[in-house]
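J.: For reference, the file final.cif (mmCIF, C-alpha atoms) is included below:
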```cif
data_upload
loop_
_atom_site.label_atom_id
_atom_site.label_comp_id
_atom_site.auth_asym_id
_atom_site.auth_seq_id
_atom_site.Cartn_x
_atom_site.Cartn_y
_atom_site.Cartn_z
CA MET U 663 151.54 124.87 95.09
CA PHE U 664 149.66 128.02 96.02
CA ARG U 665 148.92 128.67 92.36
CA VAL U 666 147.37 125.18 92.03
CA SER U 667 145.19 125.64 95.14
CA LEU U 668 144.15 129.13 93.97
CA THR U 669 143.08 127.81 90.58
CA LEU U 670 141.12 124.99 92.25
CA CYS U 671 139.37 127.46 94.56
CA GLY U 672 138.61 129.66 91.60
CA LYS U 673 137.07 126.73 89.70
CA GLU U 674 134.85 125.77 92.67
CA LEU U 675 133.71 129.34 93.21
CA GLY U 676 132.99 129.61 89.50
CA LYS U 677 130.83 126.47 89.62
CA ARG U 678 128.89 127.76 92.65
CA TRP U 679 128.43 131.19 91.08
CA SER U 680 127.23 129.70 87.77
CA SER U 681 124.67 127.52 89.60
CA CYS U 682 123.42 130.65 91.43
CA LEU U 683 123.09 132.58 88.19
CA ALA U 684 121.42 129.76 86.27
CA GLY U 685 118.45 129.57 88.68
CA GLY U 686 116.12 126.75 87.81
CA THR U 687 116.33 123.59 89.88
CA GLY U 688 119.94 123.99 90.96
CA LEU U 689 120.53 120.24 90.99
CA PRO U 690 124.20 119.30 90.94
CA PRO U 691 125.37 117.78 87.62
CA ASN U 692 126.91 114.75 89.30
CA LEU U 693 123.65 113.70 91.00
CA ARG U 694 123.05 109.96 90.81
CA VAL U 695 119.39 109.35 90.06
CA VAL U 696 117.80 105.92 90.52
CA PRO U 697 116.78 104.62 87.06
CA ASN U 698 113.27 103.57 88.14
CA LEU U 699 112.43 106.89 89.85
CA VAL U 700 108.80 107.80 89.31
CA GLN U 701 108.50 111.46 88.43
CA LEU U 702 104.86 112.47 88.67
CA PRO U 703 103.94 115.51 86.63
CA ARG U 704 103.40 118.20 89.25
CA THR U 705 102.52 121.69 88.26
CA LYS U 706 104.31 124.18 90.45
CA ARG U 707 102.17 127.28 90.70
CA LEU U 708 103.81 130.65 90.42
CA GLN U 709 104.72 132.35 93.66
CA PRO U 710 102.16 134.95 94.61
CA THR U 711 103.27 138.42 93.56
CA ASP U 712 102.65 141.47 95.71
CA SER U 713 100.67 143.49 93.20
CA SER U 714 96.85 143.22 93.06
CA VAL U 715 96.56 140.00 95.09
CA PRO U 716 94.53 140.42 98.29
CA VAL U 717 96.53 139.54 101.38
CA LEU U 718 93.88 137.84 103.49
CA ARG U 719 95.94 137.45 106.62
CA LYS U 720 99.10 139.05 107.94
CA CYS U 721 101.29 137.57 110.65
CA ASP U 722 100.20 138.55 114.15
CA ALA U 723 103.63 138.05 115.67
CA VAL U 724 106.47 140.36 114.80
CA VAL U 725 108.56 139.06 111.92
CA PRO U 726 112.27 139.76 112.46
CA ALA U 727 113.66 142.42 110.15
CA HIS U 728 116.08 140.13 108.33
CA MET U 729 113.36 137.60 107.38
CA LYS U 730 110.42 137.90 105.06
CA PRO U 731 107.15 136.13 105.77
CA GLN U 732 106.39 133.10 103.62
CA GLN U 733 103.37 133.39 101.38
CA ALA U 734 100.81 130.80 100.38
CA TRP U 735 97.66 130.80 98.31
CA VAL U 736 94.34 130.60 100.13
CA GLU U 737 91.89 128.16 98.59
CA SER U 738 88.31 127.19 99.24
CA LEU U 739 86.39 123.93 99.36
CA ARG U 740 83.20 125.36 97.86
CA ASN U 741 84.05 125.00 94.19
CA LEU U 742 86.54 122.95 92.22
CA GLU U 743 88.22 126.01 90.70
CA ASP U 744 88.41 128.16 93.87
CA ASP U 745 92.12 127.76 94.44
CA GLN U 746 93.52 131.28 94.28
CA LEU U 747 91.24 133.43 96.41
CA GLY U 748 94.03 135.37 98.02
CA VAL U 749 97.34 135.15 99.76
CA THR U 750 98.19 134.60 103.39
CA GLU U 751 101.44 135.38 105.13
CA LEU U 752 103.12 132.65 107.16
CA HIS U 753 105.64 133.36 109.89
CA PRO U 754 109.14 132.28 108.81
CA ASP U 755 110.06 131.03 112.30
CA VAL U 756 107.34 128.38 111.97
CA PHE U 757 107.10 127.74 108.24
CA ALA U 758 110.68 128.42 107.12
CA VAL U 759 112.99 126.93 109.71
CA HIS U 760 116.11 124.97 108.93
CA PRO U 761 115.21 121.50 107.61
CA ARG U 762 116.45 119.55 110.62
CA MET U 763 115.87 115.98 109.45
CA ASP U 764 117.54 114.62 112.55
CA ILE U 765 115.00 116.33 114.79
CA LEU U 766 112.18 115.12 112.56
CA HIS U 767 113.50 111.56 112.84
CA ALA U 768 113.91 111.84 116.61
CA VAL U 769 110.36 113.09 117.08
CA GLU U 770 108.91 110.40 114.81
CA VAL U 771 110.79 107.66 116.68
CA TRP U 772 109.63 109.16 119.98
CA GLN U 773 106.02 109.10 118.84
CA ARG U 774 106.31 105.45 117.93
CA ASN U 775 108.02 104.32 121.09
CA PHE U 776 106.92 106.36 124.08
CA LYS U 777 103.45 104.80 124.10
CA ARG U 778 104.78 101.29 123.60
CA ILE U 779 104.24 98.74 126.31
CA SER U 780 105.42 95.25 125.42
CA HIS U 781 103.55 92.52 127.28
CA ALA U 782 105.97 89.72 126.38
CA LYS U 783 106.67 87.56 129.41
CA VAL U 784 108.00 84.06 129.89
CA LYS U 785 108.10 81.98 133.04
CA SER U 786 111.36 81.60 134.87
CA ARG U 787 112.32 78.37 136.59
CA ALA U 788 110.66 79.57 139.78
CA GLU U 789 107.33 80.23 138.07
CA VAL U 790 106.98 77.07 135.99
CA ARG U 791 104.66 74.59 137.65
CA GLY U 792 106.49 71.79 139.39
CA GLY U 793 110.21 71.27 139.77
CA GLY U 794 110.59 71.42 143.55
CA LYS U 795 111.92 67.92 144.03
CA LYS U 796 115.35 66.66 143.09
CA PRO U 797 114.62 64.19 140.23
CA TRP U 798 117.21 61.56 141.26
CA ALA U 799 119.95 61.25 143.84
CA GLN U 800 123.10 63.23 143.33
CA LYS U 801 125.35 60.20 142.97
CA GLY U 802 124.96 56.62 141.89
CA SER U 803 122.40 56.71 139.07
CA GLY U 804 124.94 57.35 136.31
CA ARG U 805 122.92 60.26 134.93
CA ALA U 806 123.90 63.93 135.03
CA ARG U 807 123.25 65.72 138.31
CA HIS U 808 120.12 67.87 138.42
CA GLY U 809 118.24 69.70 141.12
CA SER U 810 114.88 70.32 139.47
CA ILE U 811 113.04 69.29 136.35
CA ARG U 812 112.24 72.92 135.49
CA SER U 813 115.75 74.30 135.25
CA PRO U 814 116.54 76.10 131.93
CA LEU U 815 118.53 73.08 130.74
CA TRP U 816 115.46 70.87 130.69
CA ARG U 817 112.79 70.60 128.05
CA GLY U 818 109.69 72.31 129.49
CA GLY U 819 111.83 74.21 131.96
CA GLY U 820 111.86 77.92 132.64
CA ILE U 821 113.63 80.48 130.46
CA SER U 822 116.54 82.12 132.23
CA HIS U 823 116.90 85.38 130.27
CA GLY U 824 113.61 85.86 128.53
CA PRO U 825 111.37 88.92 128.35
CA ARG U 826 110.13 89.69 131.83
CA GLY U 827 106.78 91.19 132.32
CA PRO U 828 105.08 94.15 130.78
CA LYS U 829 107.84 96.59 129.92
CA SER U 830 107.44 100.19 128.92
CA TYR U 831 109.58 102.17 126.48
CA TYR U 832 108.46 105.56 127.76
CA TYR U 833 110.69 108.59 127.48
CA MET U 834 110.12 112.27 126.75
CA LEU U 835 112.06 114.46 124.39
CA PRO U 836 112.65 118.03 125.54
CA MET U 837 109.65 120.25 124.87
CA LYS U 838 111.54 122.53 122.53
CA VAL U 839 112.71 119.54 120.45
CA ARG U 840 109.10 118.43 119.99
CA VAL U 841 108.09 121.96 119.07
CA MET U 842 110.96 122.15 116.59
CA GLY U 843 109.85 118.82 115.10
CA LEU U 844 106.43 120.31 114.36
CA LYS U 845 108.01 123.41 112.84
CA VAL U 846 110.34 121.33 110.64
CA ALA U 847 107.43 119.19 109.47
CA LEU U 848 105.35 122.27 108.58
CA THR U 849 108.33 123.81 106.80
CA SER U 850 108.90 120.64 104.79
CA LYS U 851 105.24 120.49 103.78
CA LEU U 852 105.30 124.10 102.63
CA THR U 853 108.54 123.88 100.67
CA GLN U 854 107.47 120.66 98.95
CA ASP U 855 104.13 122.16 97.84
CA TYR U 856 102.15 119.83 100.05
CA LEU U 857 100.69 122.53 102.32
CA HIS U 858 97.37 124.12 101.37
CA ILE U 859 95.56 126.89 103.23
CA VAL U 860 91.79 127.02 103.12
CA ASP U 861 89.63 129.88 104.36
CA SER U 862 86.99 127.63 105.95
CA LEU U 863 85.79 124.04 105.78
CA GLU U 864 82.37 124.72 104.26
CA MET U 865 81.45 122.31 101.53
CA PRO U 866 78.52 122.44 99.13
CA THR U 867 77.71 118.74 99.53
CA ALA U 868 78.41 115.90 101.93
CA ASP U 869 79.49 113.70 99.04
CA PRO U 870 82.85 112.00 99.64
CA GLN U 871 83.38 111.75 95.88
CA PHE U 872 83.38 115.57 95.71
CA LEU U 873 86.32 115.71 98.11
CA LEU U 874 88.19 113.07 96.13
CA ASP U 875 87.57 114.94 92.86
CA LEU U 876 88.69 118.18 94.48
CA ALA U 877 91.88 116.59 95.78
CA GLN U 878 92.61 115.09 92.38
CA TYR U 879 91.82 118.29 90.46
CA ARG U 880 94.09 120.38 92.65
CA HIS U 881 96.85 117.74 92.72
CA TRP U 882 96.79 117.40 96.48
CA GLY U 883 98.09 113.84 96.43
CA GLN U 884 96.93 110.42 97.52
CA SER U 885 96.14 111.28 101.14
CA VAL U 886 95.01 114.52 102.74
CA LEU U 887 95.01 115.62 106.37
CA ILE U 888 92.59 118.46 107.13
CA VAL U 889 93.18 120.49 110.28
CA ASP U 890 90.89 123.05 111.90
CA VAL U 891 91.08 124.75 115.28
CA ASN U 892 87.81 123.88 116.96
CA GLU U 893 86.28 120.47 117.17
CA ASP U 894 82.89 121.59 115.82
CA PHE U 895 83.33 120.91 112.13
CA PRO U 896 80.55 121.51 109.60
CA GLN U 897 78.38 118.43 109.13
CA ASN U 898 79.12 118.21 105.41
CA ILE U 899 82.82 117.69 105.78
CA LEU U 900 82.35 115.32 108.72
CA GLN U 901 80.07 113.10 106.67
CA ALA U 902 82.33 113.31 103.63
CA THR U 903 85.47 112.27 105.51
CA ALA U 904 83.73 109.65 107.64
CA SER U 905 83.64 107.15 104.81
CA LEU U 906 87.01 108.02 103.29
CA LYS U 907 90.14 106.24 104.46
CA THR U 908 92.85 108.47 103.08
CA VAL U 909 91.20 111.86 103.71
CA ASN U 910 91.05 112.59 107.42
CA ILE U 911 90.12 115.54 109.59
CA ILE U 912 91.56 116.31 113.02
CA PRO U 913 91.44 119.29 115.40
CA ALA U 914 94.56 121.41 115.63
CA ILE U 915 95.40 120.01 119.07
CA GLY U 916 95.89 116.62 117.43
CA LEU U 917 98.51 117.77 114.94
CA ASN U 918 101.67 115.68 115.09
CA VAL U 919 104.68 114.76 113.00
CA HIS U 920 103.65 111.15 112.34
CA SER U 921 100.28 112.11 110.87
CA MET U 922 101.90 114.81 108.77
CA LEU U 923 104.36 112.29 107.36
CA LYS U 924 101.68 109.62 106.84
CA HIS U 925 99.36 111.86 104.85
CA GLU U 926 100.75 113.25 101.63
CA SER U 927 99.29 116.73 101.88
CA LEU U 928 98.16 118.95 104.73
CA VAL U 929 95.22 121.36 104.54
CA LEU U 930 95.06 124.06 107.22
CA THR U 931 92.38 126.66 107.81
CA LEU U 932 93.35 130.26 108.46
CA GLU U 933 92.37 129.94 112.13
CA ALA U 934 94.46 126.79 112.41
CA VAL U 935 97.46 128.67 110.99
CA LYS U 936 96.96 131.45 113.56
CA PHE U 937 96.62 128.92 116.39
CA LEU U 938 99.75 127.02 115.35
CA GLU U 939 101.82 130.17 114.96
CA ASP U 940 100.74 131.41 118.41
CA SER U 941 101.42 128.16 120.22
CA LEU U 942 104.68 127.32 118.45
CA LEU U 943 106.24 130.79 118.51
CA TRP U 944 105.71 131.21 122.23
CA HIS U 945 108.38 128.59 122.94
CA ASP U 946 111.04 130.67 121.16
CA SER U 947 110.93 133.41 123.74
CA ARG U 948 109.70 131.88 126.97
CA PHE U 949 111.44 131.53 130.30
CA THR U 950 112.42 128.10 131.53
CA PRO U 951 109.65 126.70 133.74
CA LEU U 952 110.19 126.99 137.47
CA TYR U 953 107.32 124.57 137.98
CA PRO U 954 105.31 122.60 135.40
CA PHE U 955 103.29 124.68 132.99
CA ARG U 956 100.05 122.95 133.96
CA LEU U 957 100.16 124.82 137.28
CA PRO U 958 98.94 128.42 137.11
CA TYR U 959 101.25 131.17 135.95
CA ARG U 960 100.31 134.82 136.10
CA ASP U 961 100.85 135.52 132.39
CA PHE U 962 100.18 132.09 130.87
CA PRO U 963 97.91 131.07 129.21
CA LYS U 964 97.82 134.38 127.44
CA HIS U 965 94.66 136.25 128.29
CA SER U 966 93.75 137.81 124.96
CA MET Z 311 135.45 57.04 60.18
CA SER Z 312 132.05 58.59 60.90
CA ALA Z 313 130.84 55.37 62.52
CA VAL Z 314 133.95 55.27 64.71
CA GLY Z 315 133.32 58.92 65.65
CA LYS Z 316 129.71 58.16 66.58
CA VAL Z 317 130.78 55.19 68.69
CA LEU Z 318 133.40 57.32 70.42
CA LYS Z 319 130.83 60.05 71.15
CA ALA Z 320 128.36 57.51 72.55
CA GLY Z 321 131.08 56.05 74.73
CA LEU Z 322 132.03 59.53 75.98
CA SER Z 323 128.45 60.39 76.89
CA LEU Z 324 128.08 57.03 78.68
CA CYS Z 325 131.29 57.67 80.61
CA GLN Z 326 130.08 61.18 81.56
CA SER Z 327 126.69 59.88 82.76
CA ALA Z 328 128.38 57.09 84.69
CA LEU Z 329 130.71 59.63 86.28
CA PHE Z 330 127.71 61.81 87.17
CA LEU Z 331 125.80 58.84 88.64
CA SER Z 332 128.78 57.68 90.65
CA ALA Z 333 129.76 61.20 91.88
CA ARG Z 334 129.17 61.74 95.55
CA SER Z 335 127.35 64.88 96.67
CA PHE Z 336 128.70 66.97 99.50
CA SER Z 337 126.98 69.64 101.46
CA SER Z 338 129.18 72.03 103.39
CA GLY Z 339 126.46 73.77 105.34
CA VAL Z 340 123.08 73.25 106.95
CA CYS Z 341 120.21 73.04 104.49
CA SER Z 342 117.25 75.21 105.31
CA ARG Z 343 114.65 73.23 107.21
CA ILE Z 344 111.90 75.31 105.66
CA ARG Z 345 110.79 73.52 102.55
CA MET Z 346 108.31 75.25 100.28
CA HIS Z 347 106.60 73.90 97.24
CA ALA Z 348 105.79 77.33 95.80
CA ILE Z 349 106.71 80.97 96.29
CA PRO Z 350 104.38 82.17 99.05
CA GLN Z 351 101.84 84.90 98.33
CA PRO Z 352 102.73 88.31 99.75
CA LYS Z 353 100.43 89.23 102.57
CA ASN Z 354 98.28 92.28 101.84
CA ILE Z 355 98.48 94.79 104.67
CA ASP Z 356 95.92 97.60 104.78
CA ARG Z 357 97.99 100.67 105.60
CA TRP Z 358 94.89 102.83 106.19
CA THR Z 359 93.00 101.13 109.00
CA GLU Z 360 91.50 103.36 111.69
CA LYS Z 361 94.32 102.53 114.10
CA ARG Z 362 97.09 103.19 111.58
CA THR Z 363 95.47 106.38 110.29
CA MET Z 364 94.92 107.91 113.71
CA PHE Z 365 98.25 106.81 115.19
CA GLY Z 366 100.03 109.62 116.96
CA VAL Z 367 97.09 112.03 117.03
CA TYR Z 368 97.01 114.05 120.28
CA ASP Z 369 100.66 113.27 121.03
CA ASN Z 370 101.32 117.01 121.23
CA VAL Z 371 98.30 117.70 123.42
CA GLY Z 372 100.56 119.42 125.95
CA ILE Z 373 102.35 121.92 123.77
CA LEU Z 374 99.31 122.62 121.58
CA GLY Z 375 96.65 122.38 124.27
CA ASN Z 376 97.84 124.77 126.98
CA PHE Z 377 99.39 121.99 129.05
CA LYS Z 378 96.07 120.84 130.48
CA ALA Z 379 97.04 117.23 129.65
CA HIS Z 380 100.34 115.41 129.20
CA PRO Z 381 101.09 112.85 126.46
CA LYS Z 382 101.72 110.25 129.17
CA ASP Z 383 97.98 110.40 129.98
CA LEU Z 384 97.38 108.88 126.55
CA ILE Z 385 99.28 105.69 127.26
CA VAL Z 386 97.11 102.59 127.49
CA GLY Z 387 98.52 99.95 129.77
CA PRO Z 388 98.94 98.69 133.33
CA VAL Z 389 98.60 101.34 136.02
CA TRP Z 390 102.11 100.91 137.32
CA LEU Z 391 103.65 101.45 133.85
CA ARG Z 392 101.94 104.58 132.56
CA GLY Z 393 104.59 107.22 132.07
CA PHE Z 394 107.21 105.14 133.89
CA ARG Z 395 110.32 103.38 132.67
CA GLY Z 396 112.64 101.26 134.71
CA ILE Z 397 114.58 98.03 134.98
CA GLU Z 398 112.83 94.87 136.09
CA LEU Z 399 113.42 95.34 139.82
CA GLN Z 400 112.06 98.90 139.69
CA ARG Z 401 109.00 97.78 137.74
CA LEU Z 402 108.30 94.93 140.15
CA THR Z 403 108.64 97.04 143.30
CA ARG Z 404 106.42 99.70 141.77
CA LYS Z 405 103.87 97.03 140.89
CA LYS Z 406 103.96 95.73 144.44
CA ARG Z 407 103.44 99.23 145.84
CA MET Z 408 100.60 100.19 143.53
CA VAL Z 409 98.76 96.96 142.87
CA GLY Z 410 100.17 94.41 145.32
CA ASP Z 411 97.29 94.32 147.75
CA ARG Z 412 94.79 93.33 145.07
CA MET Z 413 96.88 90.66 143.37
CA MET Z 414 96.12 86.96 143.44
CA ALA Z 415 97.97 84.87 146.00
CA THR Z 416 100.23 82.89 143.66
CA ASP Z 417 101.01 85.93 141.54
CA ARG Z 418 101.94 87.91 144.63
CA HIS Z 419 104.10 85.06 145.89
CA ASN Z 420 105.93 84.82 142.55
CA LEU Z 421 106.36 88.60 142.51
CA GLU Z 422 107.92 88.60 145.97
CA LYS Z 423 110.20 85.69 145.06
CA ARG Z 424 111.36 87.52 141.93
CA ILE Z 425 111.99 90.76 143.83
CA ARG Z 426 113.99 88.92 146.45
CA TYR Z 427 116.03 87.10 143.79
CA LEU Z 428 116.74 90.29 141.80
CA TYR Z 429 117.65 92.28 144.91
CA ARG Z 430 120.17 89.68 145.94
CA ARG Z 431 121.48 89.35 142.40
CA PHE Z 432 122.09 93.09 141.98
CA ASN Z 433 123.34 93.94 145.45
CA ARG Z 434 125.28 90.92 146.64
CA TYR Z 435 126.99 89.20 143.71
CA GLY Z 436 129.64 90.33 141.31
CA LYS Z 437 131.40 93.65 141.55
CA HIS Z 438 128.62 95.66 143.19
CA ARG Z 439 127.91 95.05 146.84
#
```
Could the structure of this file be written out as structure tokens, please?

T.:
Amino acid sequence: MFRVSLTLCGKELGKRWSSCLAGGTGLPPNLRVVPNLVQLPRTKRLQPTDSSVPVLRKCDAVVPAHMKPQQAWVESLRNLEDDQLGVTELHPDVFAVHPRMDILHAVEVWQRNFKRISHAKVKSRAEVRGGGKKPWAQKGSGRARHGSIRSPLWRGGGISHGPRGPKSYYYMLPMKVRVMGLKVALTSKLTQDYLHIVDSLEMPTADPQFLLDLAQYRHWGQSVLIVDVNEDFPQNILQATASLKTVNIIPAIGLNVHSMLKHESLVLTLEAVKFLEDSLLWHDSRFTPLYPFRLPYRDFPKHS
Amino acid sequence: MSAVGKVLKAGLSLCQSALFLSARSFSSGVCSRIRMHAIPQPKNIDRWTEKRTMFGVYDNVGILGNFKAHPKDLIVGPVWLRGFRGIELQRLTRKKRMVGDRMMATDRHNLEKRIRYLYRRFNRYGKHR
């Protein structure tokens, strides 16, 4: 019996070891693929190598010794071909966290529901007009006994267990769960090649067709979400995105999981990356709040 | 022989059609009351309207914006329901506290009747009293 289990263990370890050695996609051989799966031809660019590629930005926060910073190409919106200007480092605790799909789902559901107020309301038997008088005497008429013509049994009567009044579905997830949702979304975008870093949002023209051509040339996808730190965007990009439905621009404060999932690819500026790393990493090493964070603390917000 | 065969076949087909005409039809369930004369056209929904595109933006205004605002400030709705969740009695008493003195007479009367009914229902009947 032990010999059988040993051989089985050996076979499994051998399979795992061979998949490690093979490299490549690492897909399991018994994967069931849907026959009508659409595989778009996507060119995966080579990972940036360390030699002779300018590192345009290093992580401000300390990267733990056992982790390496993620790297991503820095592009530009000025020309069509400007897509490998340099390399930027991304903090692994923001852009390489565990892919917690359950947290992502919870945050997305929260975003859909916490703002929801349903105004459905039906009248109960007390609110329907009329129905104060007993329609006929209790006994003698041969008909069933009734006390009011607006009881729920009657046609035109009130509804006994219907929706009552404007109802809210408000709830809050813990702050760290929402922060983790953002980190998981950013990680997913980076690992699936849908995250692009841009040095600044300057464009040569205000033509929306230029943006569309750029997105198509660089294989950004059907929809693009552009994020910058401040709200004062250059006029060119504002005019270009104003008329486009699937290419949108938001300030970094407006970043959220639903928008990241709705748009196929995400374009961040270098300042937006710095802002996101600062604000999301702070939650990893903060004390629990003694009073809400909107009240003044001595060392928060950080006075840089 | 062939003529006899043809006659037999004609008789068989007649018998079958007669059987079919005389067969009773049964239905064991309720037929759908929706009767359509053609397959309906699928409705075209624009997934990229302004509302759908910008849904969820600024939901993280607290954690990304130095906690100057809270996501519950974004909620559009009645005053007594912004950032509040409760059962019907709690919502009605909160409405009475916050908005009661500027409600219309009949609405206020109905509100008070409903509060009284719910209070008695929750606190006096059944297991909990």

J.: Tell me which residues the PyMOL selection byres ((chain Z) within 6 of (chain U)) grabs here, as a PyMOL selection string.

T.: chain Z and resi 367-368+371+374-375+377-378+385+395

J.: Write out, as a compact mmCIF listing (two decimals), keeping the file's coordinate frame, the residues just selected, with C-alpha atoms.

T.:
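Final output, saved to out_10.txt:
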```txt
# COMPACT_ATOMS: atom_id res chain seq x y z
CA VAL Z 367 97.09 112.03 117.03
CA TYR Z 368 97.01 114.05 120.28
CA VAL Z 371 98.30 117.70 123.42
CA LEU Z 374 99.31 122.62 121.58
CA GLY Z 375 96.65 122.38 124.27
CA PHE Z 377 99.39 121.99 129.05
CA LYS Z 378 96.07 120.84 130.48
CA ILE Z 385 99.28 105.69 127.26
CA ARG Z 395 110.32 103.38 132.67
```

J.: Identify which of the residues U:Gln901, U:Thr950, U:Thr931, U:Thr750 lies closest to Asp861 in chain U, counting only C-alpha atoms when measuring atom-to-atom distances.

T.: U:Thr931

J.: Just how far from CA of Arg960 in chain U is CA of Met842 in chain U, in Å to one decimal?

T.: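 CA of Arg960 in chain U lies at a distance of 25.6 Å from CA of Met842 in chain U.
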
J.: Could you jot down the CA of Arg431 in chain Z to CA of Arg412 in chain Z separation for me, Å, one decimal place?

T.: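 Result for CA of Arg431 in chain Z versus CA of Arg412 in chain Z: 27.1 Å, one decimal.
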
J.: Can you measure CA of Thr867 in chain U to CA of Asn898 in chain U for me? One decimal in Å is fine.

T.: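 CA of Asn898 in chain U lies 6.1 Å from CA of Thr867 in chain U.
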
J.: Output the residue selection produced by the PyMOL selection byres ((chain Z and resi 389) around 12) on the file above, formatted as a PyMOL selection string.

T.: (chain U and resi 779+828+830) or (chain Z and resi 382-383+385-388+390-394+401+404-410)

J.: If you count all atoms listed in the file, which residues fall within 9 Å of Ala723 in chain U, apart from same-chain ones fewer than 6 positions away, as a PyMOL selection string?

T.: chain U and resi 753+939-940+943

J.: Might you spell out which residues the PyMOL selection byres ((chain U and resi 850) around 12) would select in the displayed file, as a list in words?

T.: Val756, Phe757, Ala758, Val759, His760, Pro761, Arg762, Met763, Leu766, Gly843, Leu844, Lys845, Val846, Ala847, Leu848, Thr849, Lys851, Leu852, Thr853, Gln854, Asp855, Tyr856, Leu857, Val919, Met922, Leu923, Glu926, Ser927 and Leu928 of chain U

J.: Can you spit out the residues from that selection as a PDB file, in the frame of the given file, using C-alpha atoms?

T.:
```pdb
ATOM      1  CA  VAL U 756     107.340 128.380 111.970  1.00  0.00           C
ATOM      2  CA  PHE U 757     107.100 127.740 108.240  1.00  0.00           C
ATOM      3  CA  ALA U 758     110.680 128.420 107.120  1.00  0.00           C
ATOM      4  CA  VAL U 759     112.990 126.930 109.710  1.00  0.00           C
ATOM      5  CA  HIS U 760     116.110 124.970 108.930  1.00  0.00           C
ATOM      6  CA  PRO U 761     115.210 121.500 107.610  1.00  0.00           C
ATOM      7  CA  ARG U 762     116.450 119.550 110.620  1.00  0.00           C
ATOM      8  CA  MET U 763     115.870 115.980 109.450  1.00  0.00           C
ATOM      9  CA  LEU U 766     112.180 115.120 112.560  1.00  0.00           C
ATOM     10  CA  GLY U 843     109.850 118.820 115.100  1.00  0.00           C
ATOM     11  CA  LEU U 844     106.430 120.310 114.360  1.00  0.00           C
ATOM     12  CA  LYS U 845     108.010 123.410 112.840  1.00  0.00           C
ATOM     13  CA  VAL U 846     110.340 121.330 110.640  1.00  0.00           C
ATOM     14  CA  ALA U 847     107.430 119.190 109.470  1.00  0.00           C
ATOM     15  CA  LEU U 848     105.350 122.270 108.580  1.00  0.00           C
ATOM     16  CA  THR U 849     108.330 123.810 106.800  1.00  0.00           C
ATOM     17  CA  LYS U 851     105.240 120.490 103.780  1.00  0.00           C
ATOM     18  CA  LEU U 852     105.300 124.100 102.630  1.00  0.00           C
ATOM     19  CA  THR U 853     108.540 123.880 100.670  1.00  0.00           C
ATOM     20  CA  GLN U 854     107.470 120.660  98.950  1.00  0.00           C
ATOM     21  CA  ASP U 855     104.130 122.160  97.840  1.00  0.00           C
ATOM     22  CA  TYR U 856     102.150 119.830 100.050  1.00  0.00           C
ATOM     23  CA  LEU U 857     100.690 122.530 102.320  1.00  0.00           C
ATOM     24  CA  VAL U 919     104.680 114.760 113.000  1.00  0.00           C
ATOM     25  CA  MET U 922     101.900 114.810 108.770  1.00  0.00           C
ATOM     26  CA  LEU U 923     104.360 112.290 107.360  1.00  0.00           C
ATOM     27  CA  GLU U 926     100.750 113.250 101.630  1.00  0.00           C
ATOM     28  CA  SER U 927      99.290 116.730 101.880  1.00  0.00           C
ATOM     29  CA  LEU U 928      98.160 118.950 104.730  1.00  0.00           C
TER      30      LEU U 928
END
```

J.: With all atoms listed in the file as the basis for distance, which of Z:Arg424, Z:His438, Z:Arg357, Z:Arg418 is at the shortest distance from Lys785 in chain U?

T.: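 Looking only at the distances to Lys785 in chain U, the closest residue turns out to be Z:Arg424.
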
J.: Can you work out which one of Z:Ile344, Z:Gly339, Z:Asp411, Z:Ile425 has the shortest atom-to-atom distance to Ile397 in chain Z, counting all atoms listed in the file?

T.: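 Result for the nearest residue to Ile397 in chain Z: Z:Ile425.
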